[in-house]
Amino acid sequence: MGLLSDPNRRKALTRLNAPICIVCYLAAIVWFMGLAFEPFPLRTYMSENAMGSTMMEERFSAGDRGLSLAKEFDAHKRKAGGMPVEWLVKAMRARGLEVFTQSFSRKLPFPDENKERYMVGGRNVYGILRAPRAPRTEALVITAPCSPGNSNNQAVGLLLALAQYFRNQIYWAKDIIFLVNEHDLIGMQAWLEGYHHTNITGMEYSPLQGRAGSIQAALSLELSSDVITSLDLILEGLNGQLPNLDLANLFYAFCQKLGALCTIQGKLQRNDWDTAEGYTHAAQTMMLMVLKQACGQSWGDHGLFLRYYIEAASIRGINSFRHYKTDATTIGRLLEGMVRKLNNLLERLHQSYFFYLLPSLSRFVSIGYYMPAFGLLAVILLLRALDLWVHLGAPALAAVDGVTEAEQPSSPGMLTVLTPVVISHLTGVALYLLPVHLQEMVVEHFPVSETEAVVLTAIAIYTAGLALPHNTQRLLSGEGTEQGWKVLKLTALLYLAVLLGCTALINFSLGFILAVTLVPITASITPHMPKALCALAMVLLSPAFTILYCVFIYQELIEAPVSEGWMLFLSVISQGILDHALNGSLVYPLLALFIYPCWLMFWNILFWN
Amino acid sequence: MHFIRQVTTAHSSIITERSNVSSMIKQRCLLPLLSGRSGSCRLCETFTPAPAKDQFQEELVIRPLHSGDIYASFQFRTLWDTDFLQEGQKKVSHYRLFPKSLGQVLSKFSVQELHISFTQGFWRTMQWGQPFIPSPPGAELWVWFHHTVSDVDGNWKELTNVLSGIFCASLNFIDMTNTVQPSASFKPLGLGNATDHRFLRYATLPREIVCTENLTPWKKLLPCGSKAGLAVLMKSEKLFHSSFHSQAVHIRPICQDEQCTSKAWELRQTLNVVFDHYTSGQGKKEWSLFKMFSRTLTEACPLASSSKVYVDITDNPELSPATPLLSQAVVLGDRRTYSVYDLTRAETFGQLRSFNLLLRWKGDNMLRPLLHAERYVAGFGLQTGEIHTVIYNNHPYRAFPVLLMDSVPWYLQLYIHTLTVTSKSRDNKPSYIHYQPAKDRHRPHLLEMLIQLPPHSMTEVTVQFERALLKWTEYTPDPNHGFYVGSSVISALVPSMVAMSTNFTQDQPLFSSFVPVKEESSYFVRVYTEPLLVNLPTPDFSMPYNVICLTCTVVAVGYGSFYNLLTRTFQVDEPSPPLAKRLANFIRRIRGVPLLA
C-alpha cells in the first residue's frame with residue numbers, strides 16, 4: 001500500500017490510469033455477460049429444510065369445479081360491471097371461510113392512460129380459512145385479481161375451488177387468506193396497508209375487520225384460460241426487491257414433479273448451454289430480469305408484499321400454441337403442493353438468497369458472483385478520482401517541497417464547486433416536482449391531455465436543464481480555472497460513485513445499467529475535448545437515453561415490435577411517475593433528484609471556461 | 001390405575017380411614033378455635049364419626065353452535081373436606097379421590113388457589129359465543145399463594161418446575177421475565193379475601209403446544225382415569241382432530257357447608273373441545289357421541305356421586321334418545337334449556353347397554369357476542385411497531401367497564417407515552433391505569449386499565465413499541481419464526497341477555513317482570529385476544545464466520561497500510577550517481593583523495 005505515499009508509484013498510477021480504466025470497463029462487461037454462461041452460475045437447490053422433500057401427495061381434483069365457478073364469476077362480474085362483491089362473499093362463506101370486505105378509493109395524481117383510470121374506487125373481498133388449533137399468529141395469502149374484461153376469471157374460480165378443498169383438510173397450521181383484489185396494484189396496496197394499519201401512499205380505505213397474524217408468504221395467481229401451456233413465475237417486485245430464492249425453487253420443484261412446463265421471463269429452459277443459441281437464450285433471460293428489476297415497478301400483484309417482509313411471487317398461466325397443455329386440476333395441485341409446503345414452514349423463508357439473478361429456473365447467480373461486475377465499474381470512478389487528486393496535489397507538492405499540502409487553490413474552489421452543484425440539484429428538484437404540479441397549467445395552454453402534459457413537461461425540464469447557464473460561478477469567483485473544474489470533477493466522480501454504489505446495493509440491476517452508460521463518459525470528460533462531439537456523446541449517454549435504450553432492448557428481447565418503443569418510452573415515464581405516487585417506487589425520485597443532477601455536473605465540466 | 005387400586009384395596013382403605021377420621025374430627029374442632037370463632041365448635045362435638053367426605057362429580061355439556069360446529073365441555077369435580085394449609089395441621093398423608101401428586105404440591109408450596117390451562121387453538125368468540133371456561137392459546141398458569149409464604153418468587157419458581165413434571169409441559173420456561181402480578185384482573189375465585197397481589201403470580205406461555213402427552217397426565221388425575229365414566233370418551237386421536245382443544249385444572253378452597261365453618265378443596269378438571277362440522281361432518285349438522293369421540297358411554301364412573309350429560313336444546317335440535325329430564329339455567333347471561341341424561345340410572349343406557357346420543361340441528365342466525373376483542377401488530381419493518389387492541393361492545397344501549405390486562409415481554413420496548421384509548425373516534429380516558437415498566441432481561445411490561453366501553457362501540461387501544469436487539473445467545477433456536485407476545489386479558493361484567501330481553505310476552509308472573517333488572521343482571525366474562533407473533537431484528541447466524549473473515553481482512557489491510565504511512569520517515573531520495581562517477585570515487589577512495597560530490 002505504498003501506492004499513495006510513494007510519489008514515484010503515484011506517477012505510475014497516473015500514467016497507467018487510462019489503460020486500467022479501459023480494462024476494468026471491458027472486464028466488467030465480459031464478467032456480466034459471462035454470468036449467463038451455464039457452467040458458471042450455481043444450480044438452484046432448496047435451502048429450507050421444512051420444504052425439503054416432496055413426499056406428500058396432491059389430491060386436489062376439483063379443477064372442473066373451478067372452471068365452472070370461473071364462468072359463474074364472469075357472469076356476475078358482467079352483471080355487476082365490476083367486482084361482484086355480494087356473490088363472492090356468498091361463495092366464500094358457503095365454503096366455510098370467514099369473509100370480510102374492504103372498500104378503498106384513490107385519486108391518481110394524473111389520469112393513467114394505459115389502464116384508463118383516474119378516480120379509482122373499489123372493494124376487496126377476502127376470506128380467512130382458520131387453521132384448526134392454531135392461534136391466529138401466522139397466515140399465508142393466495143390472491144387473484146379481479147380484472148376488467150375476460151381476464152383472470154379462471155384464477156378466481158380456481159381460488160374458490162382451492163378454498164373449498166383446503167377447508168376440508170385438517171393439516172393446516174397457518175391460517176390461509178383467500179383474497180380477490182380489485183384494480184390490481186391499487187387494491188392490493190389498499191389491502192396491505194389496511195392489514196398492517198399503515199398509510200404510506202395517501203390511500204383512503206376502510207379498516208380491516210378480520211386478520212390472521214403475521215403473513216409468512218403470498219402467492220398471486222393470474223390465469224385467463226381453461227387450459228394452459230406453461231406457467232410463468234414472476235419475481236420482480238417493487239424497487240427491484242425479490243422474494244427469497246426458495247420460493248422460486250419451490251415452484252420449480254413442483255413444476256418438475258407435476259410435469260408442468262414452467263418458464264421465467266416467459267422463456268423456457270434449454271439444455272444446450274454449450275451452443276451459441278443456448279448461451280444467447282440464457283443471456284436474454286437474464287437481461288430481461290435485469291431490465292425488469294431495474295425499472296423498479298412491481299411486475300405482478302405480489303410485488304407490494306415484499307415491502308412488508310412477506311415473501312411473494314406471481315404465477316401466471318400462459319396459453320400459447322404448443323400442443324402440450326396443462327389443465328386446471330394440475331395447476332390446482334401445484335398450488336396445493338406449494339401452499340402445503342409453505343404451511344410446513346417453521347420459520348419465515350430466510351435460508352436462501354434474497355439477491356440473485358436467474359438465467360434460467362434451474363441456475364442462479366448470487367450476489368457474490370454479480371457484484372464484481374459492478375465493482376469493476378465503480379473502481380473506474382475511484383481510479384479517475386485518484387488520478388485527479390494526484391494531479392491536484394502534484395504542483396503544490398513540487399512548490400513547497402512536498403511537506404505541506406497546498407490549501408490555497410482549493411479554497412476559492414469551494415465556491416466554484418458549490419454553485420454548479422446547487423444549480424444542478426435545483427434543476428433536479430424542478431424535474432421531480434413540476435411535471436405533476438404544473439399539469440393543469442400546461443393543459444390550459446396547450447392542446448394535450450393531462451398525461452401527455454406531465455410527460456412533456458418532464459422532458460422539457462430535462463432538456464432545459466442542459467441549456468441552463470452553467471457558468472454562474474464565473475460571476476462569483478471570476479474565470480473558471482483549471483483547478484476549478486478538476487475539483488468539481490473530483491467531487492462529481494466521488495458523488496456518482498457513492499450514488500451508484502448505494503443504488504447497486506439495493507437494486508443491482510438499476511445500479512449496473514446506470515453505471516454501464518454513465519461511467520465511460522463521466523470518467524473521460526474534460527473541458528479540453530471537442531465540444532460538439534462530446535456534447536453529443538454525453539446526451540446520448542444521459543439517463544433519459546438510458547431509459548430509451550432499455551425500452552428498445554426490452555422490446556427486442558420480448559420479441560415485440562421495436563417501432564412501438566417510442567410510444568412505450570413516453571408511457572414508461574408517466575408510469576414511473578405514477579408508480580412513485582401510487583406505490584412508493586423510488587426509481588423516479590432517484591433519477592430526478594440524484595442521477596440527473598450528477599450528470600448535469602459533468603455536463604457543466606464539458607462547458608467549463 | 002388409581003381406580004383399580006381403589007377397588008382392590010377397599011377393605012384396607014376403610015381401616016385406614018377410620019384412624020384418619022378421628023384425627024379429622026379433632027382438626028375440625030381445632031379449626032374454629034384457632035381462628036377465634038368458638039361458636040361453631042359446638043357443631044363439632046355433635047359430629048358423628050363418618051367416612052372422609054370425598055366427593056366426585058362428572059358432567060358433560062354438549063352445545064350445538066351457531067356456526068354448525070359442536071362444543072363439548074367436560075367437567076370433573078373432586079371435593080375434599082380437608083384443609084392442609086391451616087396452621088397446626090398435621091401432615092395429610094391419606095388420599096382417596098383427590099390426586100396425591102397435586103395435594104402434595106399444594107401443601108408443600110402453600111398454594112391458596114391454582115389455575116392452569118393448556119389450550120391448542122383460539123376460541124372464536126365471533127362464531128362460537130362465550131366458552132364456559134375461557135383460556136388463552138398455549139399454557140396459562142396463575143396461582144395465589146397463602147399469605148404466610150415469605151419467599152413467593154422462590155415458591156413460584158419451584159412450583160412451575162414441579163407442575164412442569166406433573167403435566168409434561170414446558171412450564172419450566174416460566175421465569176421472572178414472563179411472570180407478572182396483576183393488580184386487578186385476577187381475583188381469587190375461591191374462599192379467602194386475599195387482595196394483596198404480592199401473593200399472586202400470573203404467567204402465560206403462548207407458544208406451548210398441547211398434545212397427547214399433556215392429556216395423559218391430566219387424565220390420570222381423575223379417580224376413574226379413562227377406564228370408566230365420561231372420561232372414556234377422551235380418545236386423543238379424536239380430541240386433537242378438532243378446531244379447539246383446551247384442558248384445565250382449577251384448584252380452590254370452597255366452603256364445606258352452608259355455614260362455611262370450614263374449608264374444603266375443590267379440584268375442577270375441565271376439558272373443552274370444539275369439533276368442526278365441515279372437515280368431519282361433511283357439511284351436515286348432525287352429530288352423535290360416536291361420531292365425535294368414536295366411543296359410546298356404557299357406565300358412569302363408579303366413584304362418582306353424580307354423572308350427567310347435558311345437551312343444550314335451546315335452539316331445538318332433534319335428539320335421540322329423548323329424555324324427559326329438563327333443566328333450565330341462566331348461563332353466561334342467557335337462559336338456556338338443557339336435556340339431562342343421568343348416567344347413574346340404568347335406563348339411560350337402554351337395551352343395548354350403550355348410550356349414543358344423536359343430535360341434528362339447523363344453526364343459522366349469526367351470533368353477535370356482546371363483548372369480543374382482537375389484537376394485531378401494525379406497521380412494518382424491524383424497528384418500531386404498534387400494538388392495537390380492539391374491543392367491541394355490541395350491547396345496543398348499555399355501557400360497561402372492562403379491565404384490560406396486557407403483559408408484554410421486555411424485548412418489545414413500549415413507548416407508554418404513545419398509549420391512546422379511543423372509542424367512537426374520541427379519546428376515552430381510562431379511569432384506572434396500573435403500569436409497571438419492564439426491566440431488560442428481568443421482567444415484562446404490565447399494563448392494566450379500566451376502560452368504560454360506550455354502548456355499541458369499538459374501542460381501540462394502541463401503544464407503540466420498539467424492537468430490542470437481543471444478545472446473540474438470547475435468540476431462540478428458530479429466531480426467524482418470531483417472538484410471541486401473550487394474549488391480552490379482558491375481564492368484564494357484561495350485562496346479561498336475560499336482563500336485556502324486553503320480550504315480556506313469555507308467561508311469567510307479572511310481579512316479577514316490571515323492573516327488568518334481575519339478579520342475574522350481569523355476568524362475569526373473561527375474553528382472551530389472540531397472541532402476537534413479532535419478528536425481531538435477527539442476525540444472519542452464518543454471519544459470524546463472514547464477519548470474522550471480513551474484519552480480519554480489513555484490519556490486516558487497513559492497519560498495515562496506516563501503520564506504514566504513520567511510521568515511515570520521508571526523505572528526499574538522492575539519485576544514485578552514474579556508473580562513471582562511482583568508479584571514479586572508488587579509485588579516489590583507494591588513493592585517499594577526497595571524493596567527488
# chains A, B, ... in the order shown; residues from 1 in each chain; ligands from 1

call {"tool": "interface_residues", "arguments": {"of": "chain B", "to": "chain A", "cutoff": "9 Å", "atoms": "only C-alpha atoms", "output": "count of residues only"}}
result
47

call {"tool": "select_by_dssp", "arguments": {"residues": "stretch 158-376 of chain A", "states": "helix (DSSP H, G or I)", "output": "ChimeraX atom specification"}}
result
/A:158-167,184-196,238-240,245-258,276-294,301-308,328-344,367-376

call {"tool": "residues_around", "arguments": {"residues": "B:Ala304", "least_positions_apart": "2", "cutoff": "12 Å", "atoms": "only C-alpha atoms", "output": "mmCIF file with N, CA and C atoms, in the first residue's frame"}}
result
data_model
loop_
_atom_site.group_PDB
_atom_site.id
_atom_site.type_symbol
_atom_site.label_atom_id
_atom_site.label_comp_id
_atom_site.auth_asym_id
_atom_site.auth_seq_id
_atom_site.Cartn_x
_atom_site.Cartn_y
_atom_site.Cartn_z
ATOM 1 N N PHE B 3 -57.955 -46.018 40.025
ATOM 2 C CA PHE B 3 -59.251 -46.605 40.245
ATOM 3 C C PHE B 3 -59.135 -48.081 40.635
ATOM 4 N N ASP B 54 -64.994 -37.286 50.688
ATOM 5 C CA ASP B 54 -64.518 -37.037 49.335
ATOM 6 C C ASP B 54 -65.698 -37.207 48.406
ATOM 7 N N GLN B 55 -65.736 -36.396 47.428
ATOM 8 C CA GLN B 55 -66.861 -36.477 46.508
ATOM 9 C C GLN B 55 -66.363 -36.298 45.101
ATOM 10 N N PHE B 56 -66.977 -36.976 44.184
ATOM 11 C CA PHE B 56 -66.560 -36.823 42.794
ATOM 12 C C PHE B 56 -67.791 -36.684 41.912
ATOM 13 N N GLN B 57 -67.801 -35.670 41.070
ATOM 14 C CA GLN B 57 -68.906 -35.483 40.140
ATOM 15 C C GLN B 57 -68.343 -35.354 38.746
ATOM 16 N N GLU B 58 -69.084 -35.873 37.787
ATOM 17 C CA GLU B 58 -68.639 -35.676 36.403
ATOM 18 C C GLU B 58 -69.809 -35.224 35.561
ATOM 19 N N GLU B 59 -69.468 -34.509 34.518
ATOM 20 C CA GLU B 59 -70.518 -33.849 33.760
ATOM 21 C C GLU B 59 -70.002 -33.542 32.361
ATOM 22 N N PHE B 76 -65.011 -32.260 35.638
ATOM 23 C CA PHE B 76 -64.890 -33.273 36.682
ATOM 24 C C PHE B 76 -64.561 -32.540 37.969
ATOM 25 N N ARG B 77 -65.340 -32.797 39.011
ATOM 26 C CA ARG B 77 -65.102 -32.059 40.239
ATOM 27 C C ARG B 77 -64.831 -33.033 41.371
ATOM 28 N N THR B 78 -63.711 -32.843 41.998
ATOM 29 C CA THR B 78 -63.389 -33.645 43.175
ATOM 30 C C THR B 78 -63.395 -32.705 44.373
ATOM 31 N N LEU B 79 -64.190 -33.060 45.386
ATOM 32 C CA LEU B 79 -64.255 -32.240 46.590
ATOM 33 C C LEU B 79 -63.575 -32.991 47.719
ATOM 34 N N LEU B 97 -59.810 -39.780 46.759
ATOM 35 C CA LEU B 97 -60.150 -39.406 45.389
ATOM 36 C C LEU B 97 -59.282 -38.264 44.877
ATOM 37 N N LEU B 222 -57.842 -38.118 37.280
ATOM 38 C CA LEU B 222 -59.239 -38.475 37.539
ATOM 39 C C LEU B 222 -59.304 -39.755 38.353
ATOM 40 N N PRO B 223 -60.279 -39.868 39.257
ATOM 41 C CA PRO B 223 -60.363 -41.070 40.091
ATOM 42 C C PRO B 223 -60.549 -42.332 39.251
ATOM 43 N N CYS B 224 -61.325 -42.224 38.176
ATOM 44 C CA CYS B 224 -61.529 -43.418 37.357
ATOM 45 C C CYS B 224 -60.561 -43.461 36.187
ATOM 46 N N GLY B 225 -59.642 -42.548 36.128
ATOM 47 C CA GLY B 225 -58.757 -42.496 34.966
ATOM 48 C C GLY B 225 -59.585 -42.385 33.705
ATOM 49 N N ALA B 228 -63.454 -45.597 33.082
ATOM 50 C CA ALA B 228 -64.909 -45.639 33.190
ATOM 51 C C ALA B 228 -65.441 -44.226 33.255
ATOM 52 N N GLY B 229 -66.741 -44.132 33.069
ATOM 53 C CA GLY B 229 -67.356 -42.815 33.165
ATOM 54 C C GLY B 229 -67.167 -42.017 31.894
ATOM 55 N N LEU B 230 -67.321 -40.713 32.039
ATOM 56 C CA LEU B 230 -67.267 -39.844 30.863
ATOM 57 C C LEU B 230 -65.879 -39.811 30.231
ATOM 58 N N ALA B 231 -64.878 -40.067 31.072
ATOM 59 C CA ALA B 231 -63.509 -39.967 30.565
ATOM 60 C C ALA B 231 -63.207 -41.007 29.498
ATOM 61 N N GLU B 299 -71.205 -46.734 31.059
ATOM 62 C CA GLU B 299 -71.448 -46.663 32.504
ATOM 63 C C GLU B 299 -70.913 -45.354 33.048
ATOM 64 N N ALA B 300 -71.369 -45.029 34.233
ATOM 65 C CA ALA B 300 -70.813 -43.870 34.919
ATOM 66 C C ALA B 300 -69.594 -44.327 35.696
ATOM 67 N N CYS B 301 -68.793 -43.399 36.084
ATOM 68 C CA CYS B 301 -67.670 -43.740 36.947
ATOM 69 C C CYS B 301 -68.235 -44.217 38.278
ATOM 70 N N PRO B 302 -67.888 -45.429 38.726
ATOM 71 C CA PRO B 302 -68.487 -45.969 39.961
ATOM 72 C C PRO B 302 -68.204 -45.102 41.182
ATOM 73 N N SER B 306 -72.333 -38.120 41.097
ATOM 74 C CA SER B 306 -73.275 -37.753 40.057
ATOM 75 C C SER B 306 -72.545 -37.772 38.731
ATOM 76 N N SER B 307 -73.231 -38.200 37.714
ATOM 77 C CA SER B 307 -72.610 -38.319 36.406
ATOM 78 C C SER B 307 -73.686 -38.009 35.381
ATOM 79 N N LYS B 308 -73.552 -36.866 34.731
ATOM 80 C CA LYS B 308 -74.654 -36.406 33.899
ATOM 81 C C LYS B 308 -74.160 -35.894 32.563
ATOM 82 N N ASP B 342 -78.988 -38.848 33.010
ATOM 83 C CA ASP B 342 -78.293 -39.250 34.223
ATOM 84 C C ASP B 342 -77.663 -40.618 33.997
ATOM 85 N N LEU B 343 -76.366 -40.661 34.032
ATOM 86 C CA LEU B 343 -75.687 -41.909 33.711
ATOM 87 C C LEU B 343 -75.703 -42.899 34.861
ATOM 88 N N THR B 344 -76.095 -42.429 36.033
ATOM 89 C CA THR B 344 -76.145 -43.365 37.154
ATOM 90 C C THR B 344 -77.402 -44.218 37.091
#

call {"tool": "residues_around", "arguments": {"residues": "B:Trp218", "least_positions_apart": "6", "cutoff": "10 Å", "atoms": "only C-alpha atoms", "output": "VMD selection string"}}
result
chain B and resid 166 to 168 212 225 247 to 249 269 to 271

call {"tool": "residues_around", "arguments": {"residues": "A:Arg333", "least_positions_apart": "4", "cutoff": "10 Å", "atoms": "only C-alpha atoms", "output": "PyMOL selection string"}}
result
chain A and resi 57-63+162+254+258+328-329+337-339

call {"tool": "residues_around", "arguments": {"residues": "B:Ser101", "least_positions_apart": "4", "cutoff": "10 Å", "atoms": "only C-alpha atoms", "output": "compact mmCIF listing (two decimals) with N, CA and C atoms, in the first residue's frame"}}
result
# COMPACT_ATOMS: atom_id res chain seq x y z
N TYR B 95 -54.83 -40.08 50.91
CA TYR B 95 -55.57 -39.53 49.78
C TYR B 95 -56.51 -40.59 49.26
N VAL B 105 -48.30 -31.07 46.26
CA VAL B 105 -47.80 -29.81 45.72
C VAL B 105 -48.45 -28.64 46.43
N LEU B 106 -49.77 -28.76 46.63
CA LEU B 106 -50.49 -27.66 47.26
C LEU B 106 -49.96 -27.40 48.65
N VAL B 162 -42.24 -28.10 39.26
CA VAL B 162 -42.93 -29.33 39.66
C VAL B 162 -44.12 -29.59 38.74
N LEU B 163 -44.88 -28.52 38.47
CA LEU B 163 -46.05 -28.68 37.60
C LEU B 163 -45.62 -29.10 36.20
N ILE B 166 -45.43 -32.67 36.37
CA ILE B 166 -46.72 -33.35 36.53
C ILE B 166 -47.49 -33.35 35.21
N LEU B 221 -55.23 -37.85 36.66
CA LEU B 221 -55.67 -37.20 37.89
C LEU B 221 -57.11 -37.57 38.24

call {"tool": "residues_around", "arguments": {"residues": "A:Leu291", "least_positions_apart": "5", "cutoff": "8 Å", "atoms": "only C-alpha atoms", "output": "ChimeraX atom specification"}}
result
/A:509-510,550,554

call {"tool": "write_last_selection", "arguments": {"atoms": "N, CA and C atoms", "output": "CSV table (one decimal), in the first residue's frame"}}
result
chain,number,residue,atom,x,y,z
A,509,SER,N,-29.5,-4.3,-10.5
A,509,SER,CA,-29.8,-4.1,-12.0
A,509,SER,C,-29.7,-2.6,-12.3
A,510,LEU,N,-30.5,-1.8,-11.5
A,510,LEU,CA,-30.5,-0.4,-11.8
A,510,LEU,C,-29.1,0.2,-11.7
A,550,CYS,N,-33.1,1.0,-22.9
A,550,CYS,CA,-33.7,-0.1,-22.1
A,550,CYS,C,-35.0,-0.5,-22.7
A,554,TYR,N,-35.7,-4.1,-24.3
A,554,TYR,CA,-36.8,-4.9,-23.7
A,554,TYR,C,-37.7,-5.3,-24.8

call {"tool": "atom_distance", "arguments": {"atom1": "atom CA of A:Arg106", "atom2": "atom CA of A:Leu578"}}
result
12.3 Å
